[in-house]
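*Asks:* The file below is protein_9.csv, CSV, C-alpha atoms (C1' of nucleotides):
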```csv
chain,number,residue,atom,x,y,z
A,1,MET,CA,12.4,-9.6,-2.0
A,2,LYS,CA,15.8,-9.5,-3.7
A,3,ARG,CA,14.3,-10.4,-7.0
A,4,ALA,CA,11.3,-8.1,-6.6
A,5,LEU,CA,13.6,-5.1,-6.0
A,6,LYS,CA,15.8,-6.0,-8.9
A,7,GLY,CA,12.8,-6.5,-11.1
A,8,ILE,CA,11.3,-3.2,-10.3
A,9,TYR,CA,14.6,-1.5,-11.0
A,10,LYS,CA,14.9,-3.2,-14.3
A,11,LYS,CA,11.4,-2.2,-15.3
A,12,LEU,CA,11.9,1.4,-14.3
A,13,TYR,CA,15.3,1.7,-15.9
A,14,SER,CA,14.2,0.2,-19.2
A,15,HIS,CA,11.1,2.5,-19.2
A,16,PHE,CA,12.7,5.8,-18.2
A,17,GLY,CA,16.4,5.3,-18.9
A,18,PRO,CA,19.2,6.8,-16.8
A,19,GLN,CA,18.2,9.8,-14.7
A,20,ALA,CA,21.6,11.5,-14.3
A,21,TRP,CA,21.0,12.6,-10.7
A,22,TRP,CA,21.7,14.8,-8.8
A,23,PRO,CA,21.3,17.9,-10.9
A,24,GLY,CA,24.1,20.1,-9.7
A,25,ASP,CA,27.5,21.3,-10.8
A,26,SER,CA,29.4,20.4,-7.6
A,27,PRO,CA,29.2,18.4,-4.4
A,28,PHE,CA,28.7,21.5,-2.4
A,29,GLU,CA,25.8,22.6,-4.6
A,30,VAL,CA,24.2,19.2,-4.0
A,31,MET,CA,24.5,19.7,-0.2
A,32,VAL,CA,22.8,23.1,-0.4
A,33,GLY,CA,20.2,21.7,-2.7
A,34,ALA,CA,19.5,18.8,-0.3
A,35,ILE,CA,18.5,21.2,2.4
A,36,LEU,CA,16.6,23.6,0.1
A,37,THR,CA,14.5,20.8,-1.5
A,38,GLN,CA,12.9,19.7,1.8
A,39,ASN,CA,9.2,19.3,1.1
A,40,THR,CA,9.6,21.6,-2.0
A,41,SER,CA,9.5,21.1,-5.7
A,42,TRP,CA,12.9,21.1,-7.4
A,43,ALA,CA,11.9,23.8,-9.8
A,44,ASN,CA,11.7,26.2,-6.9
A,45,VAL,CA,15.0,25.1,-5.5
A,46,GLU,CA,16.6,25.7,-8.9
A,47,LYS,CA,15.5,29.3,-8.7
A,48,ALA,CA,17.0,29.7,-5.2
A,49,ILE,CA,20.3,28.1,-6.3
A,50,LYS,CA,20.4,30.3,-9.3
A,51,ASN,CA,20.1,33.4,-7.1
A,52,LEU,CA,23.1,32.2,-5.1
A,53,LYS,CA,25.1,31.5,-8.2
A,54,ASN,CA,24.4,34.8,-9.8
A,55,ASN,CA,25.7,36.5,-6.7
A,56,LYS,CA,28.7,34.2,-6.6
A,57,LEU,CA,27.9,33.1,-3.1
A,58,LEU,CA,27.8,29.4,-3.6
A,59,THR,CA,30.8,28.6,-1.5
A,60,PRO,CA,30.8,27.5,2.2
A,61,ASP,CA,32.6,30.6,3.5
A,62,LYS,CA,30.7,33.1,1.6
A,63,LEU,CA,27.3,31.6,2.4
A,64,TYR,CA,28.3,31.3,6.1
A,65,ARG,CA,29.4,34.9,6.3
A,66,LEU,CA,26.2,36.1,4.6
A,67,HIS,CA,23.7,37.9,6.8
A,68,PRO,CA,20.8,35.5,7.6
A,69,LYS,CA,18.3,37.9,6.3
A,70,LYS,CA,20.1,38.3,3.0
A,71,LEU,CA,20.4,34.6,2.7
A,72,ALA,CA,16.7,34.1,3.4
A,73,LEU,CA,15.9,36.7,0.7
A,74,LEU,CA,18.0,34.9,-1.9
A,75,ILE,CA,16.6,31.5,-1.2
A,76,ARG,CA,13.0,32.8,-1.0
A,77,PRO,CA,11.7,31.0,-4.1
A,78,ALA,CA,12.5,27.6,-2.4
A,79,GLY,CA,9.8,28.3,0.3
A,80,TYR,CA,10.2,28.1,4.1
A,81,TYR,CA,13.0,30.6,3.5
A,82,ASN,CA,13.5,31.7,7.1
A,83,ILE,CA,13.8,28.3,8.5
A,84,LYS,CA,15.9,27.0,5.6
A,85,ALA,CA,18.3,29.9,6.0
A,86,LYS,CA,18.8,28.8,9.6
A,87,ARG,CA,19.2,25.2,8.5
A,88,LEU,CA,21.8,26.1,5.9
A,89,LYS,CA,23.7,28.1,8.5
A,90,ASN,CA,23.6,25.2,10.9
A,91,PHE,CA,25.0,22.9,8.3
A,92,LEU,CA,27.7,25.4,7.1
A,93,GLU,CA,28.8,25.9,10.7
A,94,PHE,CA,29.2,22.2,11.0
A,95,PHE,CA,30.9,21.8,7.7
A,96,ILE,CA,33.4,24.6,8.2
A,97,ASN,CA,34.2,23.8,11.9
A,98,HIS,CA,34.7,20.1,11.4
A,99,TYR,CA,36.0,19.9,7.8
A,100,ARG,CA,37.0,23.4,6.9
A,101,GLY,CA,34.4,23.4,4.3
A,102,SER,CA,36.3,20.8,2.3
A,103,VAL,CA,34.5,18.2,0.3
A,104,LYS,CA,37.7,16.2,0.2
A,105,LYS,CA,38.0,16.1,4.0
A,106,ILE,CA,34.4,15.3,4.6
A,107,SER,CA,34.5,12.5,2.0
A,108,GLN,CA,37.2,10.7,4.0
A,109,LYS,CA,34.8,10.0,6.9
A,110,THR,CA,32.9,6.7,6.8
A,111,SER,CA,29.3,7.0,5.8
A,112,LYS,CA,28.1,5.6,9.1
A,113,ALA,CA,30.1,8.1,11.2
A,114,LEU,CA,29.3,11.0,9.0
A,115,ARG,CA,25.6,10.2,9.0
A,116,GLN,CA,25.6,10.3,12.8
A,117,GLN,CA,27.2,13.7,12.7
A,118,LEU,CA,24.9,15.1,10.0
A,119,LEU,CA,21.8,13.9,12.0
A,120,CYS,CA,23.1,16.0,15.0
A,121,VAL,CA,22.8,19.2,12.9
A,122,ASN,CA,19.5,20.9,13.6
A,123,GLY,CA,17.5,20.9,10.3
A,124,ILE,CA,19.1,17.8,8.8
A,125,GLY,CA,17.0,14.7,9.1
A,126,PRO,CA,17.4,11.2,7.7
A,127,GLU,CA,16.5,12.0,4.1
A,128,THR,CA,18.7,15.1,3.9
A,129,ALA,CA,21.6,13.3,5.5
A,130,ASP,CA,21.3,10.4,3.2
A,131,SER,CA,20.9,12.7,0.1
A,132,ILE,CA,24.2,14.4,1.1
A,133,LEU,CA,25.9,11.1,1.6
A,134,LEU,CA,24.8,9.5,-1.7
A,135,TYR,CA,24.4,12.4,-4.1
A,136,ALA,CA,27.1,14.8,-2.9
A,137,LEU,CA,29.7,12.3,-1.5
A,138,ASN,CA,29.0,9.2,-3.6
A,139,LYS,CA,28.5,6.9,-0.5
A,140,PRO,CA,26.4,3.8,-1.0
A,141,VAL,CA,23.4,4.9,1.2
A,142,PHE,CA,19.9,4.5,0.0
A,143,VAL,CA,17.7,7.6,0.1
A,144,VAL,CA,14.1,7.0,1.1
A,145,ASP,CA,11.5,9.7,0.4
A,146,ALA,CA,7.8,10.3,0.2
A,147,TYR,CA,7.6,8.8,-3.3
A,148,THR,CA,9.5,5.7,-2.3
A,149,LYS,CA,7.1,5.0,0.5
A,150,ARG,CA,4.0,5.8,-1.5
A,151,ILE,CA,5.0,3.6,-4.4
A,152,PHE,CA,6.1,0.6,-2.3
A,153,LEU,CA,3.0,1.0,-0.1
A,154,ARG,CA,0.8,1.0,-3.1
A,155,HIS,CA,2.4,-2.1,-4.5
A,156,LYS,CA,2.1,-3.7,-1.1
A,157,LEU,CA,5.8,-4.2,-0.6
A,158,ILE,CA,6.0,-2.3,2.7
A,159,LYS,CA,3.6,-1.7,5.6
A,160,ASP,CA,2.0,1.6,6.2
A,161,SER,CA,3.8,1.7,9.6
A,162,GLY,CA,7.2,1.3,8.1
A,163,SER,CA,9.7,3.8,9.4
A,164,TYR,CA,12.4,5.5,7.4
A,165,ALA,CA,15.0,3.1,8.8
A,166,GLN,CA,12.9,0.0,8.0
A,167,VAL,CA,12.3,1.0,4.4
A,168,GLN,CA,15.9,1.9,4.0
A,169,ASP,CA,17.0,-1.4,5.4
A,170,LEU,CA,14.8,-3.2,2.9
A,171,PHE,CA,16.8,-1.7,0.1
A,172,MET,CA,20.2,-1.9,1.7
A,173,ARG,CA,19.9,-5.5,2.8
A,174,ASN,CA,18.6,-6.7,-0.6
A,175,LEU,CA,20.7,-4.8,-3.1
A,176,LYS,CA,24.5,-4.7,-3.6
A,177,PRO,CA,25.9,-1.6,-1.8
A,178,SER,CA,26.6,0.5,-4.9
A,179,ALA,CA,26.3,4.2,-5.0
A,180,LYS,CA,25.6,4.1,-8.7
A,181,LEU,CA,22.8,1.7,-8.2
A,182,PHE,CA,21.3,3.5,-5.2
A,183,ASN,CA,21.6,6.8,-7.1
A,184,GLU,CA,19.7,5.6,-10.1
A,185,TYR,CA,17.1,3.6,-8.2
A,186,HIS,CA,16.0,6.5,-6.0
A,187,ALA,CA,16.0,8.9,-9.0
A,188,LEU,CA,13.9,6.4,-11.0
A,189,LEU,CA,11.4,6.1,-8.1
A,190,VAL,CA,11.0,9.9,-8.0
A,191,LYS,CA,10.5,10.0,-11.7
A,192,LEU,CA,7.8,7.3,-11.5
A,193,GLY,CA,6.2,9.1,-8.6
A,194,LYS,CA,6.1,12.5,-10.4
A,195,ASP,CA,4.8,11.0,-13.6
A,196,PHE,CA,2.3,8.4,-12.4
A,197,CYS,CA,1.9,7.9,-8.7
A,198,LEU,CA,0.1,11.1,-7.6
A,199,LYS,CA,-1.1,11.4,-4.1
A,200,ASN,CA,-4.8,11.6,-4.9
A,201,LYS,CA,-4.8,9.1,-7.7
A,202,PRO,CA,-4.0,5.8,-6.0
A,203,LYS,CA,-5.1,3.8,-9.0
A,204,CYS,CA,-2.8,4.1,-11.8
A,205,ASN,CA,-3.5,1.9,-14.8
A,206,ILE,CA,-0.5,3.0,-16.9
A,207,CYS,CA,2.0,2.5,-14.2
A,208,PRO,CA,5.2,1.0,-15.8
A,209,LEU,CA,5.5,-1.4,-12.9
A,210,LYS,CA,2.4,-3.3,-13.9
B,1,DG,C1',-8.9,28.6,-5.2
B,2,DA,C1',-7.3,24.0,-3.8
B,3,DC,C1',-3.7,20.9,-4.1
B,4,DC,C1',0.9,19.6,-4.2
B,5,DA,C1',6.1,19.5,-3.8
B,6,DG,C1',12.8,15.2,-3.6
B,7,DG,C1',11.2,17.2,5.3
B,8,DC,C1',12.1,18.6,9.8
B,9,DA,C1',11.6,20.1,14.6
B,10,DC,C1',8.8,20.7,18.2
B,11,DA,C1',4.7,20.3,21.3
B,12,DT,C1',1.5,17.3,23.3
B,13,DC,C1',-0.7,13.1,24.7
C,1,DG,C1',5.7,5.8,19.9
C,2,DA,C1',2.0,8.2,17.5
C,3,DT,C1',-0.2,12.4,16.1
C,4,DG,C1',-0.6,17.3,15.0
C,5,DT,C1',1.3,21.8,13.6
C,6,DG,C1',4.2,25.5,11.6
C,7,DC,C1',7.1,26.6,8.1
C,8,DA,C1',6.0,29.3,2.3
C,9,DT,C1',6.9,29.6,-2.5
C,10,DG,C1',5.4,28.7,-7.2
C,11,DG,C1',3.3,25.4,-10.7
C,12,DT,C1',-1.0,22.9,-12.2
```
Can you dump the structure from the file as structure tokens?

*Replies:*
Amino acid sequence: MKRALKGIYKKLYSHFGPQAWWPGDSPFEVMVGAILTQNTSWANVEKAIKNLKNNKLLTPDKLYRLHPKKLALLIRPAGYYNIKAKRLKNFLEFFINHYRGSVKKISQKTSKALRQQLLCVNGIGPETADSILLYALNKPVFVVDAYTKRIFLRHKLIKDSGSYAQVQDLFMRNLKPSAKLFNEYHALLVKLGKDFCLKNKPKCNICPLK
DNA sequence: GACCAGGCACATC
DNA sequence: GATGTGCATGGT
């Protein structure tokens, strides 16, 4: 499995090149984006983030103080805007109360301990927590998403019943724990998924993995 | 007009 | 533990 995972990575990297993830100007922006992108296309998330930036609200304190209805209105393009406004507030409350809204402070926590804390925030599940750990805080944690599962299922490398934790373990047990590698690998899987591995087109003859 | 997108919580069995 | 449902916009 070690070789298979490395081989897939090499094929993807040589085909697509570096992906330069996560698109975002600051760790805090990545955290916000991680929540906004839940089951939503990135193009819509960008619009929501742009709204926040244009209003100079993209800081923990300002966002936290913002009236929930105003926040919901600003992030409207990202969809599920009412529930995402609540989820953002939940995260901000946690971030401010535990770490004073400081990326430096939150970075000092071990990824294991911080993951536990993040998962206790209502609205943050495994993928969002891991995205924050890897892409905002540069911790070596592998992010599993719908594309990852779909691609590996289609290539018969995981079982349909595989849980998030099981798929994540597969990567983390068989690859060196490198944030740079995990970052690029996950981004490449998303790129492959977007370009080739569509939901209703299980047969893909031009898949770069073949 | 249908389908999809970088999930999660909650209810129910 | 598995399965179903609500949440919502914007692009193809």

*Asks:* For stretch 144-157 of chain A, please output as a short mmCIF file (atom, residue, chain, number, x, y, z; two decimals) with C-alpha atoms (C1' of nucleotides), in the coordinates of the input all residues within 7 Å (counting all atoms listed in the file; exclusion window: fewer than 5 positions along the same chain).

*Replies:*
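Listed below is the output, out24.cif:
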```cif
data_model
loop_
_atom_site.label_atom_id
_atom_site.label_comp_id
_atom_site.auth_asym_id
_atom_site.auth_seq_id
_atom_site.Cartn_x
_atom_site.Cartn_y
_atom_site.Cartn_z
CA GLU A 127 16.50 12.00 4.10
CA TYR A 164 12.40 5.50 7.40
CA GLN A 168 15.90 1.90 4.00
CA LEU A 189 11.40 6.10 -8.10
CA VAL A 190 11.00 9.90 -8.00
CA GLY A 193 6.20 9.10 -8.60
CA CYS A 197 1.90 7.90 -8.70
"C1'" DG B 6 12.80 15.20 -3.60
#
```

*Asks:* Record the distance separating atom CA of A:Leu188 and atom CA of A:Ile83, expressed in Å with one decimal.

*Replies:*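 So the two atoms, atom CA of A:Leu188 and atom CA of A:Ile83, lie 29.3 Å apart.
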
*Asks:* Can you pull out every residue within 9 Å of B:DG7, counting all atoms listed in the file, but drop anything in the same chain fewer than 4 positions away, and send it as a PDB file with C-alpha atoms, in the frame of the given file?

*Replies:*
```
ATOM      1  CA  ILE A  35      18.500  21.200   2.400  1.00  0.00           C
ATOM      2  CA  THR A  37      14.500  20.800  -1.500  1.00  0.00           C
ATOM      3  CA  GLN A  38      12.900  19.700   1.800  1.00  0.00           C
ATOM      4  CA  ASN A  39       9.200  19.300   1.100  1.00  0.00           C
ATOM      5  CA  THR A  40       9.600  21.600  -2.000  1.00  0.00           C
ATOM      6  CA  GLY A 123      17.500  20.900  10.300  1.00  0.00           C
ATOM      7  CA  ILE A 124      19.100  17.800   8.800  1.00  0.00           C
ATOM      8  CA  GLY A 125      17.000  14.700   9.100  1.00  0.00           C
ATOM      9  CA  PRO A 126      17.400  11.200   7.700  1.00  0.00           C
ATOM     10  CA  GLU A 127      16.500  12.000   4.100  1.00  0.00           C
ATOM     11  CA  THR A 128      18.700  15.100   3.900  1.00  0.00           C
ATOM     12  CA  ASP A 145      11.500   9.700   0.400  1.00  0.00           C
TER      13      ASP A 145
END
```

*Asks:* Give me the chain A side of the contact with chain C, cut-off 6 Å, one line per residue showing its nearest atom pair and distance in Å at one decimal, counting all atoms listed in the file, sorted by chain and residue number, as JSON lines.

*Replies:*
```
{"residue": "A:Pro77", "atom": "CA", "partner": "C:DT9", "partner_atom": "C1'", "distance": 5.2}
{"residue": "A:Ala78", "atom": "CA", "partner": "C:DT9", "partner_atom": "C1'", "distance": 5.9}
{"residue": "A:Gly79", "atom": "CA", "partner": "C:DT9", "partner_atom": "C1'", "distance": 4.2}
{"residue": "A:Tyr80", "atom": "CA", "partner": "C:DA8", "partner_atom": "C1'", "distance": 4.7}
```

*Asks:* Please, what distance in Å, to one decimal, runs between atom CA of A:Tyr135 and atom CA of A:Phe28?

*Replies:*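 One can read the atom CA of A:Tyr135 to atom CA of A:Phe28 distance as 10.2 Å.
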
*Asks:* To one decimal place in Å, what is the distance between atom CA of A:Leu175 and atom CA of A:Lys2?

*Replies:*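 Pair atom CA of A:Leu175 / atom CA of A:Lys2 returns 6.8 Å.
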
*Asks:* For chain B, which residue out of A:Ala187, A:Leu73, A:Leu137, A:Leu209 is the nearest one, using all atoms listed in the file?

*Replies:* A:Ala187

*Asks:* As a list in words, could you give me every residue of chain B near chain A (at most 10 Å apart, counting all atoms listed in the file)?

*Replies:*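 Here they are: DC3, DC4, DA5, DG6, DG7, DC8 and DA9 of chain B.
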
*Asks:* Okay, now the selection with C-alpha atoms (C1' of nucleotides), as a PDB file, keeping the file's coordinate frame?

*Replies:*
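Here's the written file part_13.pdb:
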```pdb
ATOM      1  C1'  DC B   3      -3.700  20.900  -4.100  1.00  0.00           C
ATOM      2  C1'  DC B   4       0.900  19.600  -4.200  1.00  0.00           C
ATOM      3  C1'  DA B   5       6.100  19.500  -3.800  1.00  0.00           C
ATOM      4  C1'  DG B   6      12.800  15.200  -3.600  1.00  0.00           C
ATOM      5  C1'  DG B   7      11.200  17.200   5.300  1.00  0.00           C
ATOM      6  C1'  DC B   8      12.100  18.600   9.800  1.00  0.00           C
ATOM      7  C1'  DA B   9      11.600  20.100  14.600  1.00  0.00           C
TER       8       DA B   9
END
```

*Asks:* Residues proximal to (12.0, -2.5, 1.5) were defined as those with any atom within 8 Å of that point in the file's coordinates, counting all atoms listed in the file. Which are they, as a list in words?

*Replies:*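 Counting all atoms listed in the file, I find these residues within 8 Å of (12.0, -2.5, 1.5): Met1, Phe152, Leu157, Ile158, Gln166, Val167, Gln168, Asp169, Leu170 and Phe171 of chain A.
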
*Asks:* What lies within 10 Å of A:Phe91 using all atoms listed in the file, ignoring chain neighbours under 2 positions off, as a list in words?

*Replies:*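 Once the adjacent positions are removed, what remains is Met31, Val32, Ile35, Pro60, Tyr64, Ala85, Lys86, Arg87, Leu88, Lys89, Glu93, Phe94, Phe95, Ile96, Asn97, Leu118, Cys120, Val121, Asn122, Gly123 and Ile124 of chain A.
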